[in-house]
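Taking it in order: structure first as structure tokens, then the write-up.
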Amino acid sequence: MLNYTHNNNELTLNNLNEVVNLKGWVLKKRNLGGLIFIDLRDKSGITQLVVKPESPLYELASSLKNEYVIEVSGTVVERESKNLNIKTGEIEVVLSSLNILNISENPPFTLSEQENVSEEVRLKYRYLDLRKPNAQNYLMKRSQITQAIRKSLIEQSFLELETPYLVKSTPEGAKEFIVPSRLYHGEGYSLAQSPQIFKQLYMIAGFEKYFQFARCFRDEDLRADRQLEFTQIDIESSFVDQKDILKIGEKVMADMFKEVFGKTLELPLRQMTYQEAFNSYGSDKPDLRYELKIKDFKEQLSKFDIPLFNNQEVVRGFELENNALFTRKYFDKLTEIVKKNHGSGLAYVRNETGILNGSIAKYVDETVVKPGFILFLIPGEYEDATNASGALRKELAKDLGFIDASIESLLWITDFPLLEYNKEDNRFYARHHPFTAPKDVNDLINNPKEALAKAYDMVWNGYEIGGGSIRIHEQRVQNLMFETLGFTEAQIQNKFGFFIDALKFGTPPHGGIAFGLDRIVMLATKTDNIKDVIAFPKTQSARDLMMQSPNEIDENQFKELGLKVIK
């Protein structure tokens with residue numbers, strides 16, 4: 001092996017006449033009028049190599065194919081035909097030695113950014129897909145972001161500590177992955193959904209400041225911004241209140257922006273209550289890169305007899321300038337989006353220079369909408385109509401080009417509801433998790449439906465990238481929370497007995513936040529698919545096409561675990 005002198009993105013006119021040693025993969029070989037040109041690629045970039053017809057290397061160079069692994073020596077010369085799109089585009093290397101380190105079969109697809117290859121093929125051969133510069137850039141940026149966040153937390157005196165992956169099953173929240181025990185048949189572990197209880201135990205143990213890049217596991221249906229396993233930047237601190245945790249979270253993100261992107265994040269970030277966010281934007285993670293607020297129209301329309309709106313709690317929506325995009329077919333698409341998001345239906349009325357048209361045009365007059373504008377309306381119960389309006393807002397903003405991609409919109413959402421009531425189960429569920437502190441303990445006792453949480457989310461361009469809360473640190477309040485959630489004393493002891501016992505021994509006030517690393521990298525690299533920023537992701541149907549998993553388990557393994565499969 002040669003003593004390599006440069007990476008393939010480093011050589012410029014400053015290196016003219018130097019003898020250099022390089023290594024990498026053959027991206028492309030071209031024979032132009034006798035001269036052989038080779039694009040040599042490594043993770044840093046490309047260098048063009050040249051072999052002349054009279055060279056003793058000519059026959060060997062002619063045998064090269066794409067993705068051969070080679071090492072070379074040669075002299076740097078100025079290129080006649082320059083390529084200013086790449087850093088090394090003004091030079092080339094005339095070879096004096098060439099060594100083939102390994103050959104390659106023809107790849108199943110061309111390793112170029114322009115190649116239109118299905119996701120299934122790319123994930124089956126993910127190790128080849130990752131050779132593409134764009135794919136490598138996602139993961140290199142992920143590494144830079146990880147190191148910037150780690151550096152910020154260490155500078156803030158946080159300790160990097162680990163927590164177990166195999167934990168006790170406490171089925172409350174997302175579905176767990178269950179790991180049967182070989183030693184204790186009929187018993188098992190679950191893979192940790194998060195390090196929640198353990199990081200609180202670190203606070204009880206007196207470590208005061210903890211963080212971890214934790215792997216978390218949830219057996220949920222996949223989507224563009226979710227995987228079965230993901231990385232969470234877990235942060236917990238003692239002797240703090242909400243404003244302290246928000247300050248820590250802001251510094252982490254500001255340091256990352258400066259270190260990785262050279263950008264200044266203006267602090268403090270804007271804060272918005274959950275109620276304001278949901279009421280104005282139909283979401284607890286509003287994208288504020290565009291201003292399109294949801295409004296109430298029930299009172300304005302009350303003088304008209306509109307059958308669709310009769311006996312409805314609210315009529316929510318917004319007014320927009322008319323657009324050629326607003327065709328019958330487009331309204332059909334929007335109606336489907338509304339219905340998928342719990343809306344009862346979509347109504348609209350358009351004013352074209354005094355002439356009204358639309359689904360409710362015959363019930364109203366021209367005073368309801370300005371000339372040249374259109375009114376989108378969703379009737380129903382407040383929660384459902386507002387939620388559907390939020391989904392409609394996002395779709396319209398995307399289709400109408402309202403989103404300014406150069407803007408980074410980060411804000412805090414605070415004052416979330418503490419609990420959610422499920423009518424079918426006739427019980428409360430924790431909105432975040434059952435260790436979240438109430439803003440007012442009296443509300444938890446006397447009016448649990450209206451109780452607010454000391455909880456907060458950080459939102460970036462319409463995505464939740466981090467969430468956390470101040471935790472319950474008093475045993476009596478924690479017991480009260482479990483009772484409100486409908487747990488019996490026996491259930492509390494069975495699921496959380498060890499934790500309840502730990503709270504007896506001088507637990508300090510504490511709280512924390514967990515950032516989703518995968519989502520942060522996805523947003524930072526301007527992709528809309530979280531699979532792009534994960535080295536070896538699963539498909540939307542939760543399969544690993546490269547490793548062909550999940551796969552059938554050997555019957556003897558099931559026997560050893562004391563299990564029987566019912567097909």
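Starting from 1 in every chain, residues are counted up; chains themselves are A, B, ... following the order of the structure tokens, and ligands are numbered from 1 as listed.
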ask   = Would you give me, as a ChimeraX atom specification, the residues in range 228-298 of chain A that DSSP reads as strand (DSSP E)?
value = /A:229-238,270-273,295-296
Kindly export the residues of the current selection with N, CA and C atoms, as a CSV table (one decimal), in the first residue's frame.
```csv
chain,number,residue,atom,x,y,z
A,229,GLU,N,-36.4,2.3,15.1
A,229,GLU,CA,-35.4,2.6,16.1
A,229,GLU,C,-34.8,4.0,15.7
A,230,PHE,N,-34.6,4.8,16.6
A,230,PHE,CA,-34.1,6.2,16.3
A,230,PHE,C,-33.2,6.6,17.4
A,231,THR,N,-32.5,7.7,17.2
A,231,THR,CA,-31.5,8.3,18.1
A,231,THR,C,-32.1,9.5,18.8
A,232,GLN,N,-32.1,9.5,20.1
A,232,GLN,CA,-32.6,10.6,20.9
A,232,GLN,C,-31.4,11.3,21.7
A,233,ILE,N,-31.3,12.6,21.6
A,233,ILE,CA,-30.3,13.3,22.4
A,233,ILE,C,-31.0,13.6,23.7
A,234,ASP,N,-30.7,12.8,24.7
A,234,ASP,CA,-31.4,12.8,26.0
A,234,ASP,C,-30.7,13.7,27.0
A,235,ILE,N,-31.4,14.7,27.6
A,235,ILE,CA,-30.8,15.7,28.5
A,235,ILE,C,-31.6,15.8,29.7
A,236,GLU,N,-31.0,15.8,30.9
A,236,GLU,CA,-31.7,15.9,32.2
A,236,GLU,C,-30.8,16.7,33.1
A,237,SER,N,-31.5,17.5,33.9
A,237,SER,CA,-30.7,18.4,34.9
A,237,SER,C,-31.5,18.6,36.2
A,238,SER,N,-30.8,18.7,37.3
A,238,SER,CA,-31.5,18.9,38.6
A,238,SER,C,-31.4,20.4,39.0
A,270,ARG,N,-38.8,32.4,20.1
A,270,ARG,CA,-40.2,32.7,20.4
A,270,ARG,C,-40.9,31.6,21.2
A,271,GLN,N,-41.8,32.0,22.1
A,271,GLN,CA,-42.6,31.0,22.8
A,271,GLN,C,-44.1,31.2,22.5
A,272,MET,N,-44.8,30.1,22.3
A,272,MET,CA,-46.2,30.1,22.0
A,272,MET,C,-46.9,29.0,22.8
A,273,THR,N,-48.1,29.3,23.4
A,273,THR,CA,-48.8,28.3,24.1
A,273,THR,C,-49.4,27.3,23.2
A,295,LYS,N,-59.1,31.2,11.1
A,295,LYS,CA,-60.0,32.1,11.7
A,295,LYS,C,-61.4,31.4,11.9
A,296,ASP,N,-62.2,32.1,12.8
A,296,ASP,CA,-63.6,31.6,13.0
A,296,ASP,C,-64.5,32.4,12.1
```
What lies within 9 Å of range 16-25 of chain A using only C-alpha atoms, ignoring chain neighbours under 4 positions off, as a CSV table (one decimal) with N, CA and C atoms, in the first residue's frame?
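Okay, selection-v4.csv is ready:
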```csv
chain,number,residue,atom,x,y,z
A,2,LEU,N,0.5,2.2,-0.8
A,2,LEU,CA,1.2,3.5,-0.9
A,2,LEU,C,1.0,4.3,0.4
A,3,ASN,N,1.9,5.3,0.5
A,3,ASN,CA,1.7,6.3,1.6
A,3,ASN,C,1.0,7.5,0.9
A,4,TYR,N,-0.4,7.5,1.1
A,4,TYR,CA,-1.2,8.4,0.4
A,4,TYR,C,-0.9,9.8,0.8
A,5,THR,N,-0.9,10.7,-0.2
A,5,THR,CA,-0.5,12.1,0.1
A,5,THR,C,-1.7,13.1,0.2
A,6,HIS,N,-2.8,12.8,-0.5
A,6,HIS,CA,-3.9,13.7,-0.6
A,6,HIS,C,-5.2,13.0,-0.7
A,7,ASN,N,-6.3,13.6,-0.3
A,7,ASN,CA,-7.6,13.2,-0.6
A,7,ASN,C,-8.0,13.7,-2.0
A,8,ASN,N,-9.1,13.2,-2.5
A,8,ASN,CA,-9.4,13.5,-3.9
A,8,ASN,C,-10.2,14.8,-4.1
A,11,LEU,N,-6.4,18.7,-4.4
A,11,LEU,CA,-5.3,19.1,-5.4
A,11,LEU,C,-5.9,20.3,-6.2
A,12,THR,N,-5.0,21.4,-6.3
A,12,THR,CA,-5.4,22.6,-7.0
A,12,THR,C,-4.1,23.0,-7.8
A,39,ASP,N,-12.0,9.2,-13.6
A,39,ASP,CA,-12.4,9.9,-12.4
A,39,ASP,C,-12.3,9.0,-11.2
A,40,LEU,N,-11.4,9.5,-10.3
A,40,LEU,CA,-11.1,8.7,-9.1
A,40,LEU,C,-11.9,9.3,-7.9
A,41,ARG,N,-12.7,8.5,-7.2
A,41,ARG,CA,-13.5,9.0,-6.2
A,41,ARG,C,-13.2,8.4,-4.8
A,42,ASP,N,-13.2,9.3,-3.8
A,42,ASP,CA,-13.2,8.8,-2.4
A,42,ASP,C,-14.2,9.6,-1.7
A,43,LYS,N,-14.3,9.5,-0.3
A,43,LYS,CA,-15.4,10.2,0.4
A,43,LYS,C,-15.3,11.7,0.3
A,47,THR,N,-10.8,13.3,-8.3
A,47,THR,CA,-9.7,13.8,-9.0
A,47,THR,C,-9.6,13.1,-10.4
A,66,ASN,N,-15.9,0.5,-13.7
A,66,ASN,CA,-16.5,1.3,-12.6
A,66,ASN,C,-16.5,0.5,-11.3
A,67,GLU,N,-16.1,1.2,-10.3
A,67,GLU,CA,-16.1,0.7,-8.9
A,67,GLU,C,-14.9,-0.2,-8.6
A,68,TYR,N,-13.9,-0.3,-9.5
A,68,TYR,CA,-12.6,-1.0,-9.2
A,68,TYR,C,-12.0,-0.1,-8.1
A,69,VAL,N,-11.3,-0.7,-7.2
A,69,VAL,CA,-10.6,0.0,-6.1
A,69,VAL,C,-9.1,0.0,-6.5
A,70,ILE,N,-8.6,1.2,-6.6
A,70,ILE,CA,-7.2,1.4,-7.1
A,70,ILE,C,-6.4,2.4,-6.2
A,71,GLU,N,-5.0,2.3,-6.4
A,71,GLU,CA,-4.2,3.3,-5.9
A,71,GLU,C,-3.2,3.7,-7.0
A,72,VAL,N,-2.8,5.0,-7.0
A,72,VAL,CA,-2.0,5.5,-8.1
A,72,VAL,C,-1.0,6.5,-7.6
A,73,SER,N,0.1,6.7,-8.4
A,73,SER,CA,1.0,7.7,-8.3
A,73,SER,C,1.1,8.5,-9.6
A,74,GLY,N,1.4,9.8,-9.5
A,74,GLY,CA,1.5,10.6,-10.7
A,74,GLY,C,1.8,12.0,-10.4
A,75,THR,N,1.9,12.8,-11.5
A,75,THR,CA,2.3,14.2,-11.4
A,75,THR,C,1.1,15.1,-11.7
A,76,VAL,N,1.0,16.1,-10.9
A,76,VAL,CA,-0.1,17.1,-11.1
A,76,VAL,C,0.2,18.0,-12.2
A,77,VAL,N,-0.7,18.1,-13.2
A,77,VAL,CA,-0.5,19.1,-14.3
A,77,VAL,C,-1.8,19.9,-14.5
A,78,GLU,N,-1.7,21.0,-15.2
A,78,GLU,CA,-2.9,21.8,-15.5
A,78,GLU,C,-3.8,21.2,-16.6
A,91,ILE,N,-7.0,20.8,-12.5
A,91,ILE,CA,-5.8,20.0,-12.6
A,91,ILE,C,-6.2,18.6,-13.0
A,93,VAL,N,-4.0,14.4,-12.9
A,93,VAL,CA,-2.8,13.7,-12.5
A,93,VAL,C,-2.4,12.7,-13.6
```
task = With a distance cut-off of 12 Å and only C-alpha atoms, select the neighbouring residues of Asp457 in chain A, excluding the residue or stretch itself and same-chain residues fewer than 5 positions from it, and output the selection as a ChimeraX atom specification.
result = /A:242,245-246,249-250,269-274,277,284-286,410-416,432,462-469,512-516
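Note that DSSP on the backbone gives alpha helix (DSSP H) to these residues of range 26-77 of chain A: Tyr58, Glu59, Leu60, Ala61 and Ser62 of chain A.
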The selected residues should be written to file as an mmCIF file, in the first residue's frame (atoms: C-alpha atoms).
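And here is the file that came out, again-v8.cif:
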```cif
data_model
loop_
_atom_site.group_PDB
_atom_site.id
_atom_site.type_symbol
_atom_site.label_atom_id
_atom_site.label_comp_id
_atom_site.auth_asym_id
_atom_site.auth_seq_id
_atom_site.Cartn_x
_atom_site.Cartn_y
_atom_site.Cartn_z
ATOM 1 C CA TYR A 58 -2.087 1.942 -20.850
ATOM 2 C CA GLU A 59 -3.239 -1.675 -21.123
ATOM 3 C CA LEU A 60 -3.856 -1.961 -17.366
ATOM 4 C CA ALA A 61 -5.762 1.337 -17.351
ATOM 5 C CA SER A 62 -7.859 0.129 -20.291
#
```
inquiry  = Env of range 176-178 of chain A: 12 Å cut, atoms = only C-alpha atoms, seq-sep filter 3 positions within chain, self excluded. Answer as an MDAnalysis selection string.
reply    = chainID A and resid 165:173 181 186:194 216:220 228:229
Selected residues written out, C-alpha atoms, as a PDB file, in the first residue's frame:
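Once written, selection28.pdb looks like this:
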```pdb
ATOM      1  CA  TYR A 165     -31.727  -1.123  26.477  1.00  0.00           C
ATOM      2  CA  LEU A 166     -33.374  -4.193  28.068  1.00  0.00           C
ATOM      3  CA  VAL A 167     -35.916  -2.802  30.514  1.00  0.00           C
ATOM      4  CA  LYS A 168     -39.155  -3.662  32.274  1.00  0.00           C
ATOM      5  CA  SER A 169     -42.261  -3.728  30.110  1.00  0.00           C
ATOM      6  CA  THR A 170     -44.602  -0.897  31.097  1.00  0.00           C
ATOM      7  CA  PRO A 171     -47.191  -0.797  28.297  1.00  0.00           C
ATOM      8  CA  GLU A 172     -48.243   2.855  28.506  1.00  0.00           C
ATOM      9  CA  GLY A 173     -47.873   4.899  25.319  1.00  0.00           C
ATOM     10  CA  SER A 181     -36.270 -14.357  28.408  1.00  0.00           C
ATOM     11  CA  GLY A 186     -43.062 -16.614  30.268  1.00  0.00           C
ATOM     12  CA  GLU A 187     -41.157 -13.501  31.301  1.00  0.00           C
ATOM     13  CA  GLY A 188     -39.281 -10.978  29.240  1.00  0.00           C
ATOM     14  CA  TYR A 189     -37.924  -7.518  28.722  1.00  0.00           C
ATOM     15  CA  SER A 190     -38.918  -4.694  26.436  1.00  0.00           C
ATOM     16  CA  LEU A 191     -36.529  -2.598  24.392  1.00  0.00           C
ATOM     17  CA  ALA A 192     -36.431   0.874  25.917  1.00  0.00           C
ATOM     18  CA  GLN A 193     -38.762   3.379  24.243  1.00  0.00           C
ATOM     19  CA  SER A 194     -36.666   6.068  25.903  1.00  0.00           C
ATOM     20  CA  CYS A 216     -34.858   4.195  21.338  1.00  0.00           C
ATOM     21  CA  PHE A 217     -37.234   1.526  20.058  1.00  0.00           C
ATOM     22  CA  ARG A 218     -40.964   1.801  19.295  1.00  0.00           C
ATOM     23  CA  ASP A 219     -43.069  -0.755  17.459  1.00  0.00           C
ATOM     24  CA  GLU A 220     -45.080   1.821  15.523  1.00  0.00           C
ATOM     25  CA  LEU A 228     -38.696   1.703  14.451  1.00  0.00           C
ATOM     26  CA  GLU A 229     -35.386   2.639  16.057  1.00  0.00           C
TER      27      GLU A 229
END
```
Residue contacts of Glu352 in chain A (9 Å, only C-alpha atoms) excluding same-chain residues fewer than 2 positions away, as an mmCIF file with N, CA and C atoms, in the first residue's frame:
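Wrote selection-v7.cif, looks like this:
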```cif
data_model
loop_
_atom_site.group_PDB
_atom_site.id
_atom_site.type_symbol
_atom_site.label_atom_id
_atom_site.label_comp_id
_atom_site.auth_asym_id
_atom_site.auth_seq_id
_atom_site.Cartn_x
_atom_site.Cartn_y
_atom_site.Cartn_z
ATOM 1 N N ASN A 322 -57.727 34.341 -4.998
ATOM 2 C CA ASN A 322 -58.052 33.287 -5.958
ATOM 3 C C ASN A 322 -56.814 32.907 -6.758
ATOM 4 N N ARG A 350 -66.269 31.498 -3.777
ATOM 5 C CA ARG A 350 -65.310 32.350 -4.476
ATOM 6 C C ARG A 350 -66.056 33.566 -5.037
ATOM 7 N N GLY A 354 -67.703 40.076 -8.171
ATOM 8 C CA GLY A 354 -69.112 40.168 -7.828
ATOM 9 C C GLY A 354 -69.936 38.938 -8.127
ATOM 10 N N ILE A 355 -69.361 37.977 -8.844
ATOM 11 C CA ILE A 355 -70.068 36.732 -9.156
ATOM 12 C C ILE A 355 -69.551 35.637 -8.220
ATOM 13 N N LEU A 356 -70.491 35.057 -7.476
ATOM 14 C CA LEU A 356 -70.100 34.017 -6.524
ATOM 15 C C LEU A 356 -70.240 32.636 -7.153
ATOM 16 N N ASN A 357 -69.287 31.766 -6.825
ATOM 17 C CA ASN A 357 -69.446 30.350 -7.162
ATOM 18 C C ASN A 357 -68.788 29.518 -6.077
ATOM 19 N N LYS A 370 -64.200 38.926 -0.208
ATOM 20 C CA LYS A 370 -63.779 40.054 -1.040
ATOM 21 C C LYS A 370 -63.662 39.637 -2.510
ATOM 22 N N PRO A 371 -63.857 40.572 -3.444
ATOM 23 C CA PRO A 371 -63.653 40.266 -4.870
ATOM 24 C C PRO A 371 -62.226 39.782 -5.122
ATOM 25 N N GLY A 372 -62.115 38.721 -5.914
ATOM 26 C CA GLY A 372 -60.797 38.150 -6.215
ATOM 27 C C GLY A 372 -60.278 37.207 -5.158
ATOM 28 N N PHE A 373 -61.119 36.893 -4.161
ATOM 29 C CA PHE A 373 -60.694 36.017 -3.062
ATOM 30 C C PHE A 373 -61.606 34.790 -2.988
ATOM 31 N N ILE A 374 -61.135 33.809 -2.209
ATOM 32 C CA ILE A 374 -61.892 32.581 -1.998
ATOM 33 C C ILE A 374 -61.862 32.240 -0.513
#
```
remark   = re CA of Ile360 in chain A and CA of Tyr348 in chain A: distance 6.4 Å
Within 12 Å of Pro108 in chain A, counting only C-alpha atoms, which residues qualify if same-chain residues fewer than 2 places away don't, as a PDB file with N, CA and C atoms, in the first residue's frame?
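Everything below was put into out_10.pdb:
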```pdb
ATOM      1  N   ASN A  66     -15.904   0.513 -13.735  1.00  0.00           N
ATOM      2  CA  ASN A  66     -16.484   1.292 -12.639  1.00  0.00           C
ATOM      3  C   ASN A  66     -16.462   0.517 -11.329  1.00  0.00           C
ATOM      4  N   GLU A  67     -16.107   1.212 -10.268  1.00  0.00           N
ATOM      5  CA  GLU A  67     -16.065   0.706  -8.883  1.00  0.00           C
ATOM      6  C   GLU A  67     -14.870  -0.196  -8.591  1.00  0.00           C
ATOM      7  N   SER A 104     -14.452  -5.131  -9.231  1.00  0.00           N
ATOM      8  CA  SER A 104     -15.869  -5.032  -8.885  1.00  0.00           C
ATOM      9  C   SER A 104     -16.716  -5.555 -10.020  1.00  0.00           C
ATOM     10  N   GLU A 105     -17.794  -6.252  -9.659  1.00  0.00           N
ATOM     11  CA  GLU A 105     -18.801  -6.567 -10.652  1.00  0.00           C
ATOM     12  C   GLU A 105     -19.543  -5.284 -11.020  1.00  0.00           C
ATOM     13  N   ASN A 106     -20.292  -5.319 -12.121  1.00  0.00           N
ATOM     14  CA  ASN A 106     -21.110  -4.163 -12.476  1.00  0.00           C
ATOM     15  C   ASN A 106     -22.155  -3.941 -11.388  1.00  0.00           C
ATOM     16  N   THR A 110     -26.212   2.632 -11.547  1.00  0.00           N
ATOM     17  CA  THR A 110     -25.104   3.568 -11.701  1.00  0.00           C
ATOM     18  C   THR A 110     -25.024   4.472 -10.489  1.00  0.00           C
ATOM     19  N   LEU A 111     -23.825   4.633  -9.958  1.00  0.00           N
ATOM     20  CA  LEU A 111     -23.662   5.407  -8.730  1.00  0.00           C
ATOM     21  C   LEU A 111     -23.519   6.889  -9.057  1.00  0.00           C
ATOM     22  N   GLU A 115     -29.161   9.298 -11.410  1.00  0.00           N
ATOM     23  CA  GLU A 115     -29.817   8.023 -11.687  1.00  0.00           C
ATOM     24  C   GLU A 115     -31.123   7.904 -10.902  1.00  0.00           C
ATOM     25  N   VAL A 117     -33.353   5.667  -9.327  1.00  0.00           N
ATOM     26  CA  VAL A 117     -33.405   4.284  -8.841  1.00  0.00           C
ATOM     27  C   VAL A 117     -34.468   4.195  -7.751  1.00  0.00           C
ATOM     28  N   SER A 118     -35.260   3.132  -7.765  1.00  0.00           N
ATOM     29  CA  SER A 118     -36.305   2.972  -6.756  1.00  0.00           C
ATOM     30  C   SER A 118     -35.694   2.839  -5.363  1.00  0.00           C
ATOM     31  N   VAL A 121     -34.577  -0.752  -4.427  1.00  0.00           N
ATOM     32  CA  VAL A 121     -33.265  -1.188  -4.936  1.00  0.00           C
ATOM     33  C   VAL A 121     -32.151  -0.500  -4.145  1.00  0.00           C
ATOM     34  N   ARG A 122     -32.318   0.780  -3.885  1.00  0.00           N
ATOM     35  CA  ARG A 122     -31.275   1.504  -3.148  1.00  0.00           C
ATOM     36  C   ARG A 122     -31.069   0.927  -1.756  1.00  0.00           C
ATOM     37  N   LEU A 123     -32.168   0.561  -1.080  1.00  0.00           N
ATOM     38  CA  LEU A 123     -32.036   0.033   0.276  1.00  0.00           C
ATOM     39  C   LEU A 123     -31.539  -1.407   0.283  1.00  0.00           C
ATOM     40  N   LYS A 124     -31.836  -2.163  -0.760  1.00  0.00           N
ATOM     41  CA  LYS A 124     -31.309  -3.525  -0.851  1.00  0.00           C
ATOM     42  C   LYS A 124     -29.790  -3.496  -0.968  1.00  0.00           C
ATOM     43  N   TYR A 125     -29.290  -2.529  -1.737  1.00  0.00           N
ATOM     44  CA  TYR A 125     -27.839  -2.370  -1.907  1.00  0.00           C
ATOM     45  C   TYR A 125     -27.399  -1.066  -1.238  1.00  0.00           C
ATOM     46  N   ARG A 126     -27.804  -0.902   0.005  1.00  0.00           N
ATOM     47  CA  ARG A 126     -27.561   0.362   0.687  1.00  0.00           C
ATOM     48  C   ARG A 126     -26.072   0.686   0.771  1.00  0.00           C
ATOM     49  N   TYR A 127     -25.216  -0.316   0.910  1.00  0.00           N
ATOM     50  CA  TYR A 127     -23.780  -0.079   1.002  1.00  0.00           C
ATOM     51  C   TYR A 127     -23.236   0.535  -0.291  1.00  0.00           C
ATOM     52  N   LEU A 128     -23.881   0.258  -1.426  1.00  0.00           N
ATOM     53  CA  LEU A 128     -23.500   0.912  -2.681  1.00  0.00           C
ATOM     54  C   LEU A 128     -24.128   2.297  -2.784  1.00  0.00           C
ATOM     55  N   ASP A 129     -25.379   2.403  -2.380  1.00  0.00           N
ATOM     56  CA  ASP A 129     -26.067   3.688  -2.395  1.00  0.00           C
ATOM     57  C   ASP A 129     -25.314   4.716  -1.563  1.00  0.00           C
TER      58      ASP A 129
END
```
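Picture a line from CA of Pro508 in chain A to CA of Asp241 in chain A; it runs 11.3 Å.
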request  = Give me the residues within 6 Å of range 156-161 of chain A as a VMD selection string, counting only C-alpha atoms and dropping any in the same chain fewer than 5 places off.
outcome  = chain A and resid 209 to 212
ask   = Taking only C-alpha atoms into account, which of A:Ile445, A:Leu130, A:Leu292, A:Leu418 comes nearest Ser112 in chain A?
value = A:Leu130
inquiry  = Under the rule that only C-alpha atoms are counted, which of A:Arg431, A:Lys65, A:Lys362, A:Lys531 is the nearest residue to Asn102 in chain A?
reply    = A:Lys65
query = What is the distance, in Å and to one decimal place, between CA of Thr525 in chain A and CA of Leu400 in chain A?
reply =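 Atom-to-atom, CA of Thr525 in chain A to CA of Leu400 in chain A, that is 23.0 Å.
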